[in-house]
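Q: Here it is, the structure in full.
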Amino acid sequence: MGFYANGQKKIINILYGSKYDDVLDSSAEFIEKEIAPSAANIDKEKVSPKGNLERLAQQGMIASHFPDKYGSLALPYPVHIAILEMVSKACASTGVSMAIHNTCCEGFRLYGTKKQKEKYLTSLIGTGNIAAFCLTETSGGTNIFSNMKTVAKKEQDGYVINGSKTFITNAGLASVYIVFAKLEDKVTMFLVDKDTPGLSFSKPFDKDCVRGSVTCEVFFDGCKIPKENLLGKEGGGSSYCIEMLNKGRVGIATLAVGISQAAFEKSIYYATTRNAKGSPIADLQLIQKKIASMACGIDAARLLTYHAASVSGEYFSRMANEAKLFASKTALECAVESKYIHAAHGCMAESNIERHLRDVWVTLIGEGTVEILEQTVSRLLVKEYQKSPGLSFW
Ligand SMILES: Cc1cc2nc3c(=O)[nH]c(=O)nc-3n(C[C@H](O)[C@H](O)[C@H](O)COP(=O)(O)OP(=O)(O)OC[C@H]3O[C@@H](n4cnc5c(N)ncnc54)[C@H](O)[C@@H]3O)c2cc1C
């Protein structure tokens, strides 16, 4: 099969012919050689994937869909998604750090001034510096806009931020933090550089999923930032955040597809090499049912995710939410089926199957829980149908 799964290649070929085969083949070779071998240890020892992110940046792969002036490969977004899928298949801890870093880069692309783009995108795409997205607070991530306690106060030459954020990926490692805070009760988006006095971090959380990716609380204790560190307009934070999260959800859907594919390939290998009554367990109908259901789920999740990556406008929002919802639930099913197929071996760390089953959880929760995505998809659909002149009883 090769590291670059056939399913990916087929979708990219439908979209662009064979134009990107070479770049994807070389990316696959790099990821298989440089990222995959350390994944189990990154998880076991909770080693930060910073080295992997730096290597990906050096190759232009960390945000490969950005213009080449930032040191990127300037690929179409679906092709970048294919690279992120391979990274996530190799090492989900690296995949989630890269996906959230990409969400931040998107914030700069959409809302940054020319100066901010030059300064931050060059460093975040070409040099291996990474970013963190600071939204969730201890009061809860889902209803954050109404519950937000982090505040910004305007001063003559800038802003002062006070408050805290929790469950923040890349915290402590990142050189810049995109922070949502209330400025006179209106959610506003700011940049806080790592060396800003008053910015500090908790010890990393000891978590079950993506254990290598660093997740901390972030504290803002009178963080004084210059007025140039406003990202977008004052009060625009909620709509910027939703836009960035929509793009981010395609990234997390991709992470889910990568984890599913990893569990699937190990299952095929195991089912064809483990014997029962003299023939491989792949010949047993109940095992065949699991393999078929994993394959259908992954193919459907991948199609939905790459489709989301290739569309725009209001339709993109629904597709991005559908992709994350479906791909994350598929990843959970695949990891569970994979564990059934591996039986006792699947409980052992060496199989990596228990790791895949743990890692899935970040895709079900991060950048929007399953429950909130179900509501969002339904709400967007109803809105679409209500606007459509064709909606009638028939
Ligand atoms: C590994 C990891 C990395 C993360 N990285 C980041 C990061 O980099 N930056 C960041 O800002 N956050 C990050 N998060 C936080 C994540 O975005 C939040 O955990 C998520 O938004 C849910 O918030 P919560 O955990 O506080 O759950 P809550 O919001 O408290 O929800 C609890 C339960 O109630 C349900 N619920 C709550 N409100 C509603 C509602 N209105 N309608 C329907 N159901 C509802 C939820 O679906 C869930 O089942 C990360 C989380 C994890 C696990």
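For the structure tokens, the naming scheme is as follows: chains receive sequential letters (A, B, ...) according to their order of presentation, residues are indexed from 1 within each chain, and ligands are indexed from 1 in presentation order.
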Can you pull out every residue with an atom within 7 Å of ligand 1? Use only C-alpha atoms and all ligand atoms and format it as a ChimeraX atom specification.

A: /A:100,132-136,138-143,166-170,209-210,215,362,365-372

Q: Give me, as JSON lines, the closest atom pair and its distance (Å, one decimal) for every residue of region 66-156 of chain A within a cut-off of 12 Å of region 295-317 of chain A, counting only C-alpha atoms, rows sorted by chain and rising number.

A:
```
{"residue": "A:Pro76", "atom": "CA", "partner": "A:Ser310", "partner_atom": "CA", "distance": 8.5}
{"residue": "A:Tyr77", "atom": "CA", "partner": "A:Ala309", "partner_atom": "CA", "distance": 6.2}
{"residue": "A:Pro78", "atom": "CA", "partner": "A:Ala309", "partner_atom": "CA", "distance": 5.3}
{"residue": "A:Val79", "atom": "CA", "partner": "A:Tyr306", "partner_atom": "CA", "distance": 8.6}
{"residue": "A:His80", "atom": "CA", "partner": "A:Ala309", "partner_atom": "CA", "distance": 9.3}
{"residue": "A:Ile81", "atom": "CA", "partner": "A:Tyr306", "partner_atom": "CA", "distance": 7.2}
{"residue": "A:Ala82", "atom": "CA", "partner": "A:Tyr306", "partner_atom": "CA", "distance": 8.2}
{"residue": "A:Ile83", "atom": "CA", "partner": "A:Tyr306", "partner_atom": "CA", "distance": 11.6}
{"residue": "A:Leu84", "atom": "CA", "partner": "A:Tyr306", "partner_atom": "CA", "distance": 11.4}
{"residue": "A:Glu85", "atom": "CA", "partner": "A:Arg302", "partner_atom": "CA", "distance": 9.4}
```

Q: Per DSSP on the backbone, filter region 123-357 of chain A down to the residues in strand (DSSP E or B) and report them as a ChimeraX atom specification.

A: /A:131-134,151-155,158-169,176-183,186-193,199-201,215-226,230,275-276,279-280

Q: Separation of CA of Thr103 (chain A) and CA of Asp43 (chain A), in Å?

A: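 CA of Thr103 (chain A) sits 23.0 Å away from CA of Asp43 (chain A).
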
Q: Kindly indicate which residue among A:Pro204, A:Pro67, A:Gly7, A:Gly95 lies nearest to Ile259 (chain A), using only C-alpha atoms for the distances.

A: A:Gly95

Q: Env of region 278-293 of chain A: 8 Å cut, atoms = only C-alpha atoms, seq-sep filter 6 positions within chain, self excluded. Answer as a count of residues only.

A: 7

Q: Quick one: distance from CA of Gly258 (chain A) to CA of Phe326 (chain A) in Å, one decimal?

A: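 So the two atoms, CA of Gly258 (chain A) and CA of Phe326 (chain A), lie 13.5 Å apart.
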
Q: Please tabulate, as a Markdown table, the residues of region 79-188 of chain A that come within 10 Å of region 236-253 of chain A, each with its closest pair of atoms and the distance in Å to one decimal, counting only C-alpha atoms and ordering rows by chain, then residue number upward.

A:
```
| residue | atom | partner | partner_atom | distance |
| --- | --- | --- | --- | --- |
| A:His80 | CA | A:Gly251 | CA | 9.8 |
| A:Ile81 | CA | A:Gly251 | CA | 7.2 |
| A:Leu84 | CA | A:Gly251 | CA | 7.7 |
| A:Glu85 | CA | A:Gly251 | CA | 8.7 |
| A:Ser88 | CA | A:Ile252 | CA | 9.6 |
| A:Gly95 | CA | A:Ile252 | CA | 8.7 |
| A:Val96 | CA | A:Ile252 | CA | 7.2 |
| A:Met98 | CA | A:Gly251 | CA | 8.8 |
| A:Ala99 | CA | A:Gly251 | CA | 5.3 |
| A:Ile100 | CA | A:Gly248 | CA | 6.8 |
| A:His101 | CA | A:Gly248 | CA | 9.3 |
| A:Asn102 | CA | A:Gly248 | CA | 7.3 |
| A:Thr103 | CA | A:Gly248 | CA | 5.0 |
| A:Cys104 | CA | A:Met244 | CA | 7.7 |
| A:Cys105 | CA | A:Met244 | CA | 9.3 |
| A:Glu106 | CA | A:Met244 | CA | 6.5 |
| A:Gly107 | CA | A:Met244 | CA | 6.2 |
| A:Phe108 | CA | A:Met244 | CA | 9.9 |
| A:Leu110 | CA | A:Tyr240 | CA | 8.5 |
| A:Tyr111 | CA | A:Tyr240 | CA | 7.9 |
| A:Phe133 | CA | A:Cys241 | CA | 9.8 |
| A:Leu135 | CA | A:Cys241 | CA | 8.6 |
| A:Ile144 | CA | A:Ser238 | CA | 9.7 |
| A:Phe145 | CA | A:Ser238 | CA | 7.1 |
| A:Val179 | CA | A:Gly237 | CA | 9.4 |
| A:Phe180 | CA | A:Gly237 | CA | 6.6 |
| A:Ala181 | CA | A:Gly237 | CA | 8.1 |
| A:Lys182 | CA | A:Gly237 | CA | 8.7 |
| A:Leu183 | CA | A:Gly237 | CA | 9.8 |
| A:Lys186 | CA | A:Gly237 | CA | 7.7 |
| A:Val187 | CA | A:Gly237 | CA | 4.8 |
| A:Thr188 | CA | A:Gly237 | CA | 4.1 |
```

Q: Check the smallest atom-to-atom distance from each of A:Met86, A:Leu53, A:Ala36, A:Leu373 to Lys9 (chain A) using only C-alpha atoms, then report the winner.

A: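 Nearest to Lys9 (chain A): A:Met86.
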
Q: Near Arg55 (chain A), within 12 Å and counting only C-alpha atoms, which residues show up once chain neighbours fewer than 5 positions away are dropped, as a VMD selection string?

A: chain A and resid 27 30 to 31 33 to 35 49 to 50 60 to 62 87 94 98 125 to 129

Q: Please dump the current selection as a PDB file, in the first residue's frame; keep C-alpha atoms.

A:
```pdb
ATOM      1  CA  SER A  27       6.179  13.759   1.550  1.00  0.00           C
ATOM      2  CA  PHE A  30       9.788  11.752   4.520  1.00  0.00           C
ATOM      3  CA  ILE A  31       6.942  11.147   6.980  1.00  0.00           C
ATOM      4  CA  LYS A  33      11.175   7.770   7.620  1.00  0.00           C
ATOM      5  CA  GLU A  34      11.279  10.816   9.892  1.00  0.00           C
ATOM      6  CA  ILE A  35       7.957  10.986  11.796  1.00  0.00           C
ATOM      7  CA  PRO A  49       6.704  16.689  18.999  1.00  0.00           C
ATOM      8  CA  LYS A  50       8.507  20.046  18.596  1.00  0.00           C
ATOM      9  CA  GLY A  60       7.774  23.430   3.786  1.00  0.00           C
ATOM     10  CA  MET A  61       5.142  20.923   4.908  1.00  0.00           C
ATOM     11  CA  ILE A  62       3.846  22.382   8.165  1.00  0.00           C
ATOM     12  CA  VAL A  87       1.478  12.987   9.531  1.00  0.00           C
ATOM     13  CA  THR A  94       2.426  15.616  15.923  1.00  0.00           C
ATOM     14  CA  MET A  98       0.276  20.753  13.440  1.00  0.00           C
ATOM     15  CA  ILE A 125       5.630  28.545   8.386  1.00  0.00           C
ATOM     16  CA  GLY A 126       9.269  28.619   7.434  1.00  0.00           C
ATOM     17  CA  THR A 127      11.281  28.405  10.633  1.00  0.00           C
ATOM     18  CA  GLY A 128       9.623  25.886  12.938  1.00  0.00           C
ATOM     19  CA  ASN A 129       8.220  28.394  15.420  1.00  0.00           C
TER      20      ASN A 129
END
```

Q: May I ask which of the residues A:Phe219, A:Tyr269, A:Tyr385, A:Phe205 is the closest one to Lys46 (chain A), counting only C-alpha atoms?

A: A:Phe205

Q: Which of these residues is nearest to Asp157 (chain A), using only C-alpha atoms: A:Ala323, A:Leu124, A:Met189, A:Ile225?

A: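 Residue with the minimum atom-to-atom distance to Asp157 (chain A): A:Ile225.
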
Q: Any idea what the distance is between CA of Lys117 (chain A) and CA of Thr150 (chain A)?

A: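 Between CA of Lys117 (chain A) and CA of Thr150 (chain A) the gap works out to 25.3 Å.
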
Q: Just the residues within 12 Å of Gly346 (chain A), please, counting only C-alpha atoms, with nothing from its chain fewer than 5 positions along; format it as JSON, numbers by chain.

A: {"A": [263, 266, 267, 270, 335, 336, 337, 338, 339, 340, 341, 351, 352, 353, 354, 355, 356, 357]}

Q: Write to file, as a PDB file, in the first residue's frame, the residues of the selection just made, with N, CA and C atoms.

A:
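Written file, again-v5.pdb:
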```
ATOM      1  N   ALA A 263      -5.118   2.524  12.288  1.00  0.00           N
ATOM      2  CA  ALA A 263      -5.736   1.360  12.936  1.00  0.00           C
ATOM      3  C   ALA A 263      -6.146   0.325  11.885  1.00  0.00           C
ATOM      4  N   LYS A 266      -3.081  -1.655  10.381  1.00  0.00           N
ATOM      5  CA  LYS A 266      -2.574  -2.649  11.339  1.00  0.00           C
ATOM      6  C   LYS A 266      -3.549  -3.825  11.418  1.00  0.00           C
ATOM      7  N   SER A 267      -4.841  -3.542  11.291  1.00  0.00           N
ATOM      8  CA  SER A 267      -5.848  -4.608  11.372  1.00  0.00           C
ATOM      9  C   SER A 267      -5.762  -5.547  10.183  1.00  0.00           C
ATOM     10  N   TYR A 270      -2.749  -7.710  10.689  1.00  0.00           N
ATOM     11  CA  TYR A 270      -2.954  -8.714  11.741  1.00  0.00           C
ATOM     12  C   TYR A 270      -3.914  -9.805  11.254  1.00  0.00           C
ATOM     13  N   ALA A 335     -11.091   2.353  15.620  1.00  0.00           N
ATOM     14  CA  ALA A 335     -10.139   1.970  16.667  1.00  0.00           C
ATOM     15  C   ALA A 335     -10.719   0.854  17.535  1.00  0.00           C
ATOM     16  N   VAL A 336     -12.036   0.881  17.761  1.00  0.00           N
ATOM     17  CA  VAL A 336     -12.674  -0.181  18.556  1.00  0.00           C
ATOM     18  C   VAL A 336     -12.655  -1.493  17.767  1.00  0.00           C
ATOM     19  N   GLU A 337     -13.040  -1.446  16.489  1.00  0.00           N
ATOM     20  CA  GLU A 337     -13.037  -2.671  15.667  1.00  0.00           C
ATOM     21  C   GLU A 337     -11.624  -3.251  15.599  1.00  0.00           C
ATOM     22  N   SER A 338     -10.648  -2.349  15.479  1.00  0.00           N
ATOM     23  CA  SER A 338      -9.264  -2.781  15.397  1.00  0.00           C
ATOM     24  C   SER A 338      -8.862  -3.516  16.684  1.00  0.00           C
ATOM     25  N   LYS A 339      -9.370  -3.017  17.799  1.00  0.00           N
ATOM     26  CA  LYS A 339      -9.027  -3.648  19.079  1.00  0.00           C
ATOM     27  C   LYS A 339      -9.689  -5.030  19.174  1.00  0.00           C
ATOM     28  N   TYR A 340     -10.924  -5.158  18.678  1.00  0.00           N
ATOM     29  CA  TYR A 340     -11.567  -6.484  18.640  1.00  0.00           C
ATOM     30  C   TYR A 340     -10.728  -7.445  17.804  1.00  0.00           C
ATOM     31  N   ILE A 341     -10.275  -6.967  16.632  1.00  0.00           N
ATOM     32  CA  ILE A 341      -9.527  -7.843  15.718  1.00  0.00           C
ATOM     33  C   ILE A 341      -8.215  -8.294  16.369  1.00  0.00           C
ATOM     34  N   SER A 351       1.426  -3.052  20.270  1.00  0.00           N
ATOM     35  CA  SER A 351       0.553  -3.143  19.079  1.00  0.00           C
ATOM     36  C   SER A 351       0.210  -1.754  18.550  1.00  0.00           C
ATOM     37  N   ASN A 352       0.316  -0.752  19.401  1.00  0.00           N
ATOM     38  CA  ASN A 352      -0.082   0.635  19.090  1.00  0.00           C
ATOM     39  C   ASN A 352      -1.591   0.814  18.940  1.00  0.00           C
ATOM     40  N   ILE A 353      -2.346  -0.287  19.044  1.00  0.00           N
ATOM     41  CA  ILE A 353      -3.796  -0.182  18.847  1.00  0.00           C
ATOM     42  C   ILE A 353      -4.432   0.579  20.015  1.00  0.00           C
ATOM     43  N   GLU A 354      -3.968   0.286  21.230  1.00  0.00           N
ATOM     44  CA  GLU A 354      -4.536   1.001  22.385  1.00  0.00           C
ATOM     45  C   GLU A 354      -4.209   2.501  22.290  1.00  0.00           C
ATOM     46  N   ARG A 355      -3.070   2.838  21.695  1.00  0.00           N
ATOM     47  CA  ARG A 355      -2.724   4.258  21.492  1.00  0.00           C
ATOM     48  C   ARG A 355      -3.715   4.909  20.526  1.00  0.00           C
ATOM     49  N   HIS A 356      -4.000   4.216  19.418  1.00  0.00           N
ATOM     50  CA  HIS A 356      -4.937   4.799  18.451  1.00  0.00           C
ATOM     51  C   HIS A 356      -6.302   5.031  19.112  1.00  0.00           C
ATOM     52  N   LEU A 357      -6.743   4.067  19.922  1.00  0.00           N
ATOM     53  CA  LEU A 357      -8.056   4.203  20.573  1.00  0.00           C
ATOM     54  C   LEU A 357      -8.058   5.381  21.553  1.00  0.00           C
TER      55      LEU A 357
END
```

Q: So which bits of region 273-308 of chain A end up alpha helix (DSSP H) when you DSSP the backbone, as a list in words?

A: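 Matching residues, listed in order: Thr273, Gln285, Leu286, Ile287, Gln288, Lys289, Lys290, Ile291, Ala292, Ser293, Met294, Ala295, Cys296, Gly297, Ile298, Asp299, Ala300, Ala301, Arg302, Leu303, Leu304, Thr305, Tyr306, His307 and Ala308 of chain A.
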